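Reproduced below: target.tsv, with TSV, C-alpha atoms.
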```tsv
chain	number	residue	atom	x	y	z
P	1	MET	CA	-14.21	-10.54	10.33
P	2	ASN	CA	-15.52	-12.26	7.23
P	3	GLY	CA	-15.98	-9.09	5.21
P	4	SER	CA	-19.76	-9.00	4.99
P	5	ALA	CA	-21.33	-5.68	4.02
P	6	ALA	CA	-23.09	-5.43	7.38
P	7	GLU	CA	-19.82	-5.77	9.28
P	8	LEU	CA	-17.89	-3.41	7.03
P	9	GLY	CA	-20.37	-0.53	7.27
P	10	GLY	CA	-21.42	2.05	4.73
P	11	LEU	CA	-19.47	3.42	1.78
P	12	ARG	CA	-20.06	7.01	0.69
P	13	VAL	CA	-18.93	8.84	-2.44
P	14	TYR	CA	-15.85	10.96	-1.72
P	15	PRO	CA	-15.01	13.70	-4.25
P	16	THR	CA	-11.33	14.29	-5.02
P	17	ALA	CA	-9.52	17.27	-6.51
P	18	ASP	CA	-8.61	15.60	-9.80
P	19	GLY	CA	-12.25	14.66	-10.36
P	20	SER	CA	-11.69	10.92	-10.00
P	21	PHE	CA	-14.28	8.83	-8.17
P	22	SER	CA	-13.51	7.60	-4.67
P	23	LEU	CA	-15.26	6.38	-1.54
P	24	HIS	CA	-15.22	6.92	2.22
P	25	SER	CA	-15.51	3.93	4.55
P	26	ASP	CA	-17.69	4.41	7.61
P	27	TYR	CA	-16.20	1.29	9.21
P	28	PHE	CA	-12.59	2.48	8.98
P	29	GLY	CA	-13.48	6.16	9.28
P	30	GLU	CA	-11.29	7.09	6.32
P	31	ALA	CA	-11.43	7.76	2.61
P	32	PHE	CA	-9.81	5.33	0.16
P	33	HIS	CA	-7.69	8.14	-1.32
P	34	ASN	CA	-6.34	11.53	-0.32
P	35	SER	CA	-8.15	14.65	-1.45
P	36	ALA	CA	-5.59	15.34	-4.22
P	37	GLY	CA	-7.20	12.61	-6.26
P	38	ALA	CA	-7.41	8.86	-6.61
P	39	LEU	CA	-5.91	8.76	-10.09
P	40	ASN	CA	-3.09	11.20	-9.27
P	41	GLU	CA	-2.19	9.17	-6.19
P	42	ALA	CA	-2.14	5.88	-8.10
P	43	ARG	CA	0.11	7.26	-10.81
P	44	ALA	CA	2.51	9.12	-8.51
P	45	LYS	CA	2.90	6.59	-5.70
P	46	PHE	CA	2.48	3.26	-7.44
P	47	VAL	CA	3.12	3.62	-11.18
P	48	GLN	CA	5.99	6.12	-11.42
P	49	PRO	CA	8.30	4.61	-8.77
P	50	ALA	CA	7.62	1.10	-10.13
P	51	GLU	CA	9.67	2.00	-13.24
P	52	LEU	CA	7.68	-0.39	-15.38
P	53	GLN	CA	10.06	0.07	-18.32
P	54	ARG	CA	12.28	-2.38	-16.42
P	55	PHE	CA	9.91	-5.10	-17.58
P	56	SER	CA	9.81	-5.68	-21.32
P	57	SER	CA	8.65	-8.40	-23.69
P	58	GLY	CA	9.97	-11.77	-22.66
P	59	SER	CA	10.42	-10.84	-19.00
P	60	ASN	CA	8.12	-11.76	-16.13
P	61	LEU	CA	6.25	-9.26	-13.98
P	62	ARG	CA	4.62	-10.50	-10.80
P	63	ILE	CA	2.41	-8.00	-8.96
P	64	LEU	CA	0.68	-8.26	-5.58
P	65	ASP	CA	-2.02	-5.66	-4.89
P	66	VAL	CA	-2.73	-5.60	-1.14
P	67	CYS	CA	-6.13	-3.99	-0.55
P	68	MET	CA	-7.16	-3.53	-4.15
P	69	GLY	CA	-10.13	-1.36	-3.14
P	70	LEU	CA	-11.60	0.42	-6.16
P	71	GLY	CA	-8.89	-0.96	-8.44
P	72	TYR	CA	-7.07	2.30	-9.24
P	73	ASN	CA	-3.54	1.09	-8.48
P	74	THR	CA	-3.77	-2.09	-10.51
P	75	ALA	CA	-5.57	-0.39	-13.40
P	76	ALA	CA	-3.04	2.46	-13.52
P	77	VAL	CA	-0.14	0.00	-13.53
P	78	LEU	CA	-1.74	-2.09	-16.28
P	79	GLU	CA	-2.31	1.02	-18.40
P	80	ALA	CA	1.34	2.03	-18.00
P	81	LEU	CA	2.92	-1.28	-19.03
P	82	PRO	CA	5.45	-1.00	-21.88
P	83	ALA	CA	4.14	-1.51	-25.42
P	84	ALA	CA	6.14	-4.74	-25.53
P	85	GLU	CA	4.34	-6.14	-22.51
P	86	PRO	CA	6.01	-8.58	-20.13
P	87	LYS	CA	4.40	-11.85	-19.12
P	88	LEU	CA	2.14	-10.74	-16.28
P	89	GLN	CA	1.04	-12.58	-13.17
P	90	TRP	CA	-1.16	-10.58	-10.82
P	91	TRP	CA	-2.66	-11.35	-7.42
P	92	GLY	CA	-5.12	-9.18	-5.51
P	93	LEU	CA	-6.03	-9.28	-1.81
P	94	GLU	CA	-9.20	-7.52	-0.68
P	95	LEU	CA	-11.75	-7.92	2.10
P	96	ASP	CA	-14.67	-6.03	0.56
P	97	ARG	CA	-16.10	-6.61	-2.92
P	98	ARG	CA	-18.21	-3.45	-2.88
P	99	PRO	CA	-15.61	-0.74	-3.70
P	100	LEU	CA	-14.71	-2.34	-7.04
P	101	GLU	CA	-18.38	-3.03	-7.79
P	102	GLN	CA	-19.35	0.57	-7.07
P	103	ALA	CA	-16.43	1.99	-9.05
P	104	LEU	CA	-17.34	-0.08	-12.11
P	105	GLU	CA	-20.87	1.31	-11.96
P	106	GLN	CA	-19.49	4.82	-12.56
P	107	VAL	CA	-19.18	5.97	-16.16
P	108	SER	CA	-16.49	8.45	-15.08
P	109	PHE	CA	-14.42	5.57	-13.65
P	110	GLN	CA	-14.93	3.36	-16.68
P	111	SER	CA	-13.82	6.16	-19.01
P	112	LEU	CA	-10.38	6.31	-17.37
P	113	TRP	CA	-9.29	2.93	-18.67
P	114	SER	CA	-8.71	1.26	-22.02
P	115	ALA	CA	-10.97	-1.61	-23.03
P	116	PRO	CA	-8.43	-4.35	-22.14
P	117	VAL	CA	-7.80	-2.92	-18.66
P	118	LEU	CA	-11.50	-2.38	-18.00
P	119	ALA	CA	-12.16	-5.97	-19.06
P	120	LYS	CA	-9.66	-7.21	-16.47
P	121	LEU	CA	-11.33	-5.18	-13.69
P	122	GLU	CA	-14.70	-6.57	-14.72
P	123	ALA	CA	-13.26	-10.10	-14.75
P	124	ILE	CA	-11.98	-9.60	-11.20
P	125	ARG	CA	-15.46	-8.50	-10.16
P	126	ASP	CA	-17.31	-11.26	-11.99
P	127	HIS	CA	-14.88	-14.19	-12.03
P	128	ASP	CA	-12.24	-13.45	-9.35
P	129	GLY	CA	-9.58	-12.91	-12.01
P	130	TRP	CA	-8.70	-13.40	-15.65
P	131	GLN	CA	-6.74	-15.77	-17.86
P	132	GLU	CA	-5.09	-14.73	-21.14
P	133	PRO	CA	-2.19	-16.22	-23.13
P	134	THR	CA	0.43	-13.94	-21.55
P	135	SER	CA	-1.48	-12.52	-18.60
P	136	GLN	CA	-3.15	-14.03	-15.56
P	137	GLY	CA	-4.92	-12.46	-12.59
P	138	ILE	CA	-6.13	-14.14	-9.40
P	139	GLN	CA	-8.22	-12.31	-6.80
P	140	PHE	CA	-8.52	-13.56	-3.20
P	141	TRP	CA	-11.40	-12.14	-1.17
P	142	GLY	CA	-10.88	-12.16	2.60
P	143	ASP	CA	-8.43	-11.17	5.33
P	144	ALA	CA	-5.14	-10.42	3.57
P	145	ARG	CA	-3.17	-11.98	6.41
P	146	SER	CA	-4.53	-15.44	5.63
P	147	MET	CA	-5.08	-14.87	1.91
P	148	LEU	CA	-1.37	-14.16	1.36
P	149	GLN	CA	-0.73	-17.75	2.39
P	150	GLU	CA	-2.90	-18.94	-0.51
P	151	ILE	CA	-0.25	-17.75	-2.97
P	152	SER	CA	2.34	-20.43	-3.66
P	153	GLU	CA	5.38	-19.92	-1.43
P	154	PRO	CA	7.99	-19.97	-4.24
P	155	VAL	CA	6.36	-16.92	-5.88
P	156	ARG	CA	8.42	-13.74	-5.48
P	157	PHE	CA	6.79	-10.42	-6.31
P	158	ASP	CA	8.40	-7.73	-8.45
P	159	LEU	CA	5.90	-5.17	-7.18
P	160	VAL	CA	3.87	-5.05	-3.98
P	161	LEU	CA	1.25	-2.30	-3.96
P	162	LEU	CA	0.36	-1.82	-0.29
P	163	ASP	CA	-2.68	0.43	0.06
P	164	ALA	CA	-4.50	-0.60	3.23
P	165	PHE	CA	-6.29	1.94	5.40
P	166	SER	CA	-3.94	3.81	7.74
P	167	PRO	CA	-1.99	1.91	10.42
P	168	GLN	CA	-4.06	3.27	13.30
P	169	ARG	CA	-7.29	2.24	11.55
P	170	CYS	CA	-6.16	-1.07	10.07
P	171	PRO	CA	-3.07	-2.16	12.05
P	172	GLU	CA	-3.59	-5.80	11.06
P	173	LEU	CA	-2.00	-5.08	7.67
P	174	TRP	CA	0.88	-2.96	8.99
P	175	SER	CA	2.15	-5.32	11.66
P	176	GLU	CA	5.77	-6.37	12.03
P	177	GLU	CA	4.73	-9.88	11.05
P	178	PHE	CA	2.67	-9.05	7.97
P	179	LEU	CA	5.21	-6.56	6.65
P	180	GLY	CA	7.94	-9.12	7.26
P	181	ALA	CA	5.97	-11.69	5.27
P	182	LEU	CA	5.65	-9.24	2.37
P	183	ALA	CA	9.37	-8.42	2.54
P	184	ARG	CA	10.28	-12.11	2.38
P	185	ARG	CA	8.17	-12.51	-0.75
P	186	LEU	CA	9.90	-9.71	-2.69
P	187	ALA	CA	12.02	-10.64	-5.71
P	188	PRO	CA	15.72	-9.66	-5.56
P	189	GLN	CA	14.93	-6.36	-7.32
P	190	GLY	CA	11.35	-6.16	-6.11
P	191	ARG	CA	9.79	-2.98	-4.78
P	192	LEU	CA	7.16	-2.48	-2.13
P	193	LEU	CA	5.28	0.78	-2.63
P	194	THR	CA	2.94	2.46	-0.16
P	195	TYR	CA	1.52	5.88	0.61
P	196	SER	CA	2.39	5.35	4.30
P	197	ARG	CA	5.21	7.33	5.92
P	198	SER	CA	4.56	5.78	9.33
P	199	ALA	CA	7.68	5.30	11.45
P	200	ALA	CA	6.28	2.00	12.71
P	201	VAL	CA	5.87	0.74	9.15
P	202	ARG	CA	9.26	1.95	7.99
P	203	ALA	CA	11.05	0.55	11.03
P	204	SER	CA	9.43	-2.85	10.48
P	205	LEU	CA	10.42	-2.85	6.81
P	206	LYS	CA	13.98	-1.87	7.74
P	207	ARG	CA	14.20	-4.70	10.28
P	208	ALA	CA	12.98	-7.02	7.51
P	209	GLY	CA	16.14	-6.17	5.57
P	210	LEU	CA	14.77	-3.61	3.13
P	211	SER	CA	16.27	-0.28	2.07
P	212	LEU	CA	13.94	2.70	2.47
P	213	PHE	CA	13.23	5.65	0.20
P	214	SER	CA	10.76	8.52	0.47
P	215	LEU	CA	8.08	9.04	-2.17
P	216	LEU	CA	7.47	12.50	-3.63
P	217	PRO	CA	4.04	14.19	-3.41
P	218	ALA	CA	1.38	13.45	-6.01
P	219	PRO	CA	0.26	16.38	-8.20
P	220	GLY	CA	-2.10	18.50	-6.13
P	221	GLU	CA	-1.02	16.92	-2.86
P	222	ARG	CA	0.16	19.30	-0.17
P	223	ALA	CA	3.92	18.93	0.19
P	224	GLY	CA	4.97	17.57	3.56
P	225	TRP	CA	8.05	16.03	5.13
P	226	SER	CA	7.26	12.78	3.32
P	227	SER	CA	4.56	11.38	1.05
P	228	GLY	CA	5.07	7.64	1.19
P	229	THR	CA	7.62	4.85	1.10
P	230	LEU	CA	9.50	2.72	-1.41
P	231	ALA	CA	11.17	-0.34	0.15
P	232	THR	CA	13.40	-2.76	-1.70
P	233	PRO	CA	15.95	-5.46	-0.81
P	234	ALA	CA	19.18	-3.89	0.39
P	235	ASP	CA	21.21	-5.33	-2.50
P	236	SER	CA	18.64	-4.59	-5.22
P	237	GLY	CA	20.73	-1.82	-6.79
P	238	CYS	CA	17.91	0.72	-6.55
P	239	PRO	CA	19.36	4.24	-7.10
P	240	LEU	CA	19.16	6.78	-4.27
P	241	ASP	CA	17.08	9.14	-6.41
P	242	GLY	CA	14.62	8.13	-9.08
P	243	PRO	CA	11.32	9.01	-10.72
P	244	GLY	CA	9.02	9.69	-7.81
P	245	TRP	CA	11.40	9.06	-4.91
P	246	ARG	CA	14.38	10.43	-3.00
P	247	PRO	CA	16.52	9.31	-0.03
P	248	LEU	CA	15.06	9.61	3.45
P	249	SER	CA	15.96	12.95	5.04
P	250	VAL	CA	17.72	13.31	8.41
P	251	MET	CA	14.32	14.24	9.83
P	252	GLU	CA	12.81	11.00	8.54
P	253	TRP	CA	15.66	8.87	9.90
P	254	GLU	CA	15.29	10.51	13.31
P	255	HIS	CA	11.57	9.74	13.18
P	256	LEU	CA	12.58	6.06	13.30
P	257	GLN	CA	14.17	6.61	16.71
P	258	THR	CA	10.98	7.93	18.33
P	259	ARG	CA	8.08	6.18	20.04
P	260	ALA	CA	6.22	6.36	16.73
P	261	ALA	CA	8.58	3.65	15.45
P	262	VAL	CA	7.34	1.04	17.95
P	263	PRO	CA	5.83	-1.62	15.69
P	264	PHE	CA	2.34	-2.99	15.50
P	265	ARG	CA	2.61	-6.61	16.63
P	266	ASP	CA	0.37	-9.50	15.60
P	267	PRO	CA	2.36	-12.69	16.33
P	268	GLN	CA	-0.42	-15.14	15.49
P	269	GLY	CA	-1.72	-13.20	12.50
P	270	ASN	CA	-5.29	-13.11	13.76
P	271	ALA	CA	-5.52	-10.34	16.38
P	272	THR	CA	-8.17	-7.63	16.19
P	273	ALA	CA	-7.26	-4.02	15.49
P	274	GLU	CA	-8.13	-3.09	19.07
P	275	VAL	CA	-5.79	-5.68	20.55
P	276	ILE	CA	-2.92	-4.70	18.24
P	277	VAL	CA	-3.27	-0.98	18.98
P	278	GLU	CA	-3.52	-1.56	22.74
P	279	ARG	CA	-0.47	-3.84	22.70
P	280	ARG	CA	1.52	-1.15	20.90
P	281	SER	CA	0.38	1.62	23.27
P	282	LEU	CA	1.63	-0.37	26.25
P	283	GLU	CA	4.97	-0.99	24.56
P	284	GLN	CA	5.31	2.70	23.70
P	285	GLU	CA	4.84	3.65	27.36
P	286	HIS	CA	7.87	1.60	28.38
P	287	CYS	CA	10.13	1.77	25.31
P	288	GLY	CA	12.39	4.65	26.41
P	289	HIS	CA	12.43	6.24	22.94
P	290	GLU	CA	12.14	9.98	22.34
P	291	PRO	CA	8.50	11.16	22.47
P	292	THR	CA	7.32	11.80	18.93
P	293	ASN	CA	5.96	15.25	19.80
P	294	ALA	CA	9.46	16.24	20.99
P	295	TRP	CA	10.81	15.21	17.57
P	296	GLN	CA	8.11	17.31	15.94
P	297	ARG	CA	8.88	20.37	18.08
P	298	ARG	CA	12.60	20.06	17.47
P	299	TRP	CA	12.23	19.98	13.70
P	300	ARG	CA	9.61	22.71	13.71
P	301	ARG	CA	11.99	24.92	15.70
P	302	ASP	CA	14.95	24.18	13.41
P	303	SER	CA	13.09	24.56	10.11
P	304	PRO	CA	13.33	27.89	8.28
P	305	SER	CA	10.29	30.14	8.69
```
Go through the file and emit its structure as structure tokens.
Amino acid sequence: MNGSAAELGGLRVYPTADGSFSLHSDYFGEAFHNSAGALNEARAKFVQPAELQRFSSGSNLRILDVCMGLGYNTAAVLEALPAAEPKLQWWGLELDRRPLEQALEQVSFQSLWSAPVLAKLEAIRDHDGWQEPTSQGIQFWGDARSMLQEISEPVRFDLVLLDAFSPQRCPELWSEEFLGALARRLAPQGRLLTYSRSAAVRASLKRAGLSLFSLLPAPGERAGWSSGTLATPADSGCPLDGPGWRPLSVMEWEHLQTRAAVPFRDPQGNATAEVIVERRSLEQEHCGHEPTNAWQRRWRRDSPS
């Protein structure tokens, strides 16, 4: 897929509870954000657990935004940087130019951001990035699997914002191999943040040597057994509890022993979604793990009414 508009289908306006502008993708059959709100989700799942106060003047902050989409996650992070800003290097990976273009056409979206942040979003749209004395951004348009390789190998990211469409809809960016590549590119105290609570995703990140934590719900989001994942190198010193996260529960750990934890596999990094999903389905049939619906029934039965 080369990311042309014809191949990627229509985009429709998707209203969210906090009033922030979002879109629904006909091609992927999903909205870009949950119904609680695009801005709430960006702040709760990407800004708060990043603990940006860790990065002050004189330090370096390297951010990778995987599936930048409308730009909410990057913009929210940029807005929340400490007053004494670190030296920032930012990279974005995105297949489709249209979500950012359509967001920037909305006055309501523009009004969310300060002039410097809005200027960076516009520079991504118009010039594929920005260059300032202490801040640089580089946007790569195309398949994130190959675009990641365009970033110099020695670079290690302090934050990875992983916001692809769901694993069943876009398994290419949740495969064992792609997640492993992201894990290898994390700095010693780096954090990978994602809304996904998928057992397949978490199990792949765990096998890649990362410690796992569970994100707390965004304001307005219906509370569930988990609301996303923070993953960080095992020796990063990340506390068990922090702003926006908690340890995985027993229920969540047991989820990683079910068929749902069978990974999405893409050994060559170029398989289609259909091939990846079919390969996983066949592996699930023969894996011998507990059926995921049995796990669900067991925890539903044991939970207080």
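Shell of P:Leu193 at 8 Å, with only C-alpha atoms counted and residues fewer than 2 places along the chain excluded, is Lys45, Phe46, Pro49, Ala50, Leu159, Val160, Leu161, Leu162, Arg191, Tyr195, Gly228, Thr229, Leu230 and Ala231 of chain P.
One distance worth recording is that between atom CA of P:Leu39 and atom CA of P:Asn73, which is 8.2 Å.
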- Go through P:Glu177, P:Glu153, P:Glu221, P:Asp158 one by one, measure the shortest atom-to-atom distance of each to P:Ser236 using only C-alpha atoms, and give the residue with the smallest value.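 Looking at the shortest contact to P:Ser236, the residue is P:Asp158.
Proximity ranking of P:Leu78, P:Thr134, P:Ala223, P:Glu94 relative to P:Leu148 places P:Glu94 first, based on only C-alpha atoms.
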*Could you pull the residues within 7 Å of P:Phe157, counting only C-alpha atoms, minus those fewer than 6 positions along the same chain, as a list in words?*
Arg62, Ile63, Leu64, Arg185, Leu186, Ala187 and Gly190 of chain P
- In terms of the shortest atom-to-atom distance over all atoms listed in the file, which of P:Ile151, P:Asp26, P:Ala271, P:Asn34 is closest to P:Ser196?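 Among the listed residues, P:Asn34 lies closest to P:Ser196.
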Just want the 9 Å neighbourhood of stretch 251-256 of chain P, counted on only C-alpha atoms, with same-chain residues fewer than 6 positions away dropped. Output as a CSV table (one decimal) with C-alpha atoms, in the frame of the given file.
```csv
chain,number,residue,atom,x,y,z
P,197,ARG,CA,5.2,7.3,5.9
P,198,SER,CA,4.6,5.8,9.3
P,199,ALA,CA,7.7,5.3,11.4
P,200,ALA,CA,6.3,2.0,12.7
P,202,ARG,CA,9.3,2.0,8.0
P,203,ALA,CA,11.0,0.6,11.0
P,214,SER,CA,10.8,8.5,0.5
P,225,TRP,CA,8.0,16.0,5.1
P,226,SER,CA,7.3,12.8,3.3
P,262,VAL,CA,7.3,1.0,18.0
P,292,THR,CA,7.3,11.8,18.9
P,295,TRP,CA,10.8,15.2,17.6
P,296,GLN,CA,8.1,17.3,15.9
P,299,TRP,CA,12.2,20.0,13.7
```
Using all atoms listed in the file, the residue out of P:Asp65, P:Glu85, P:Glu176, P:Glu79 with shortest distance to P:Ala208 is P:Glu176
Please enclose the listed atoms of stretch 130-149 of chain P in an axis-aligned box, pad each side by 5 Å, and write out the centre and the three edge lengths in Å, rounded to one decimal, as lines of an AutoDock Vina configuration file.
```
center_x = -5.5
center_y = -14.1
center_z = -8.4
size_x = 21.8
size_y = 17.3
size_z = 39.5
```
- In Å to one decimal, how far is atom CA of P:Ala36 from atom CA of P:Gly220?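 Interatomic distance here is 5.1 Å.
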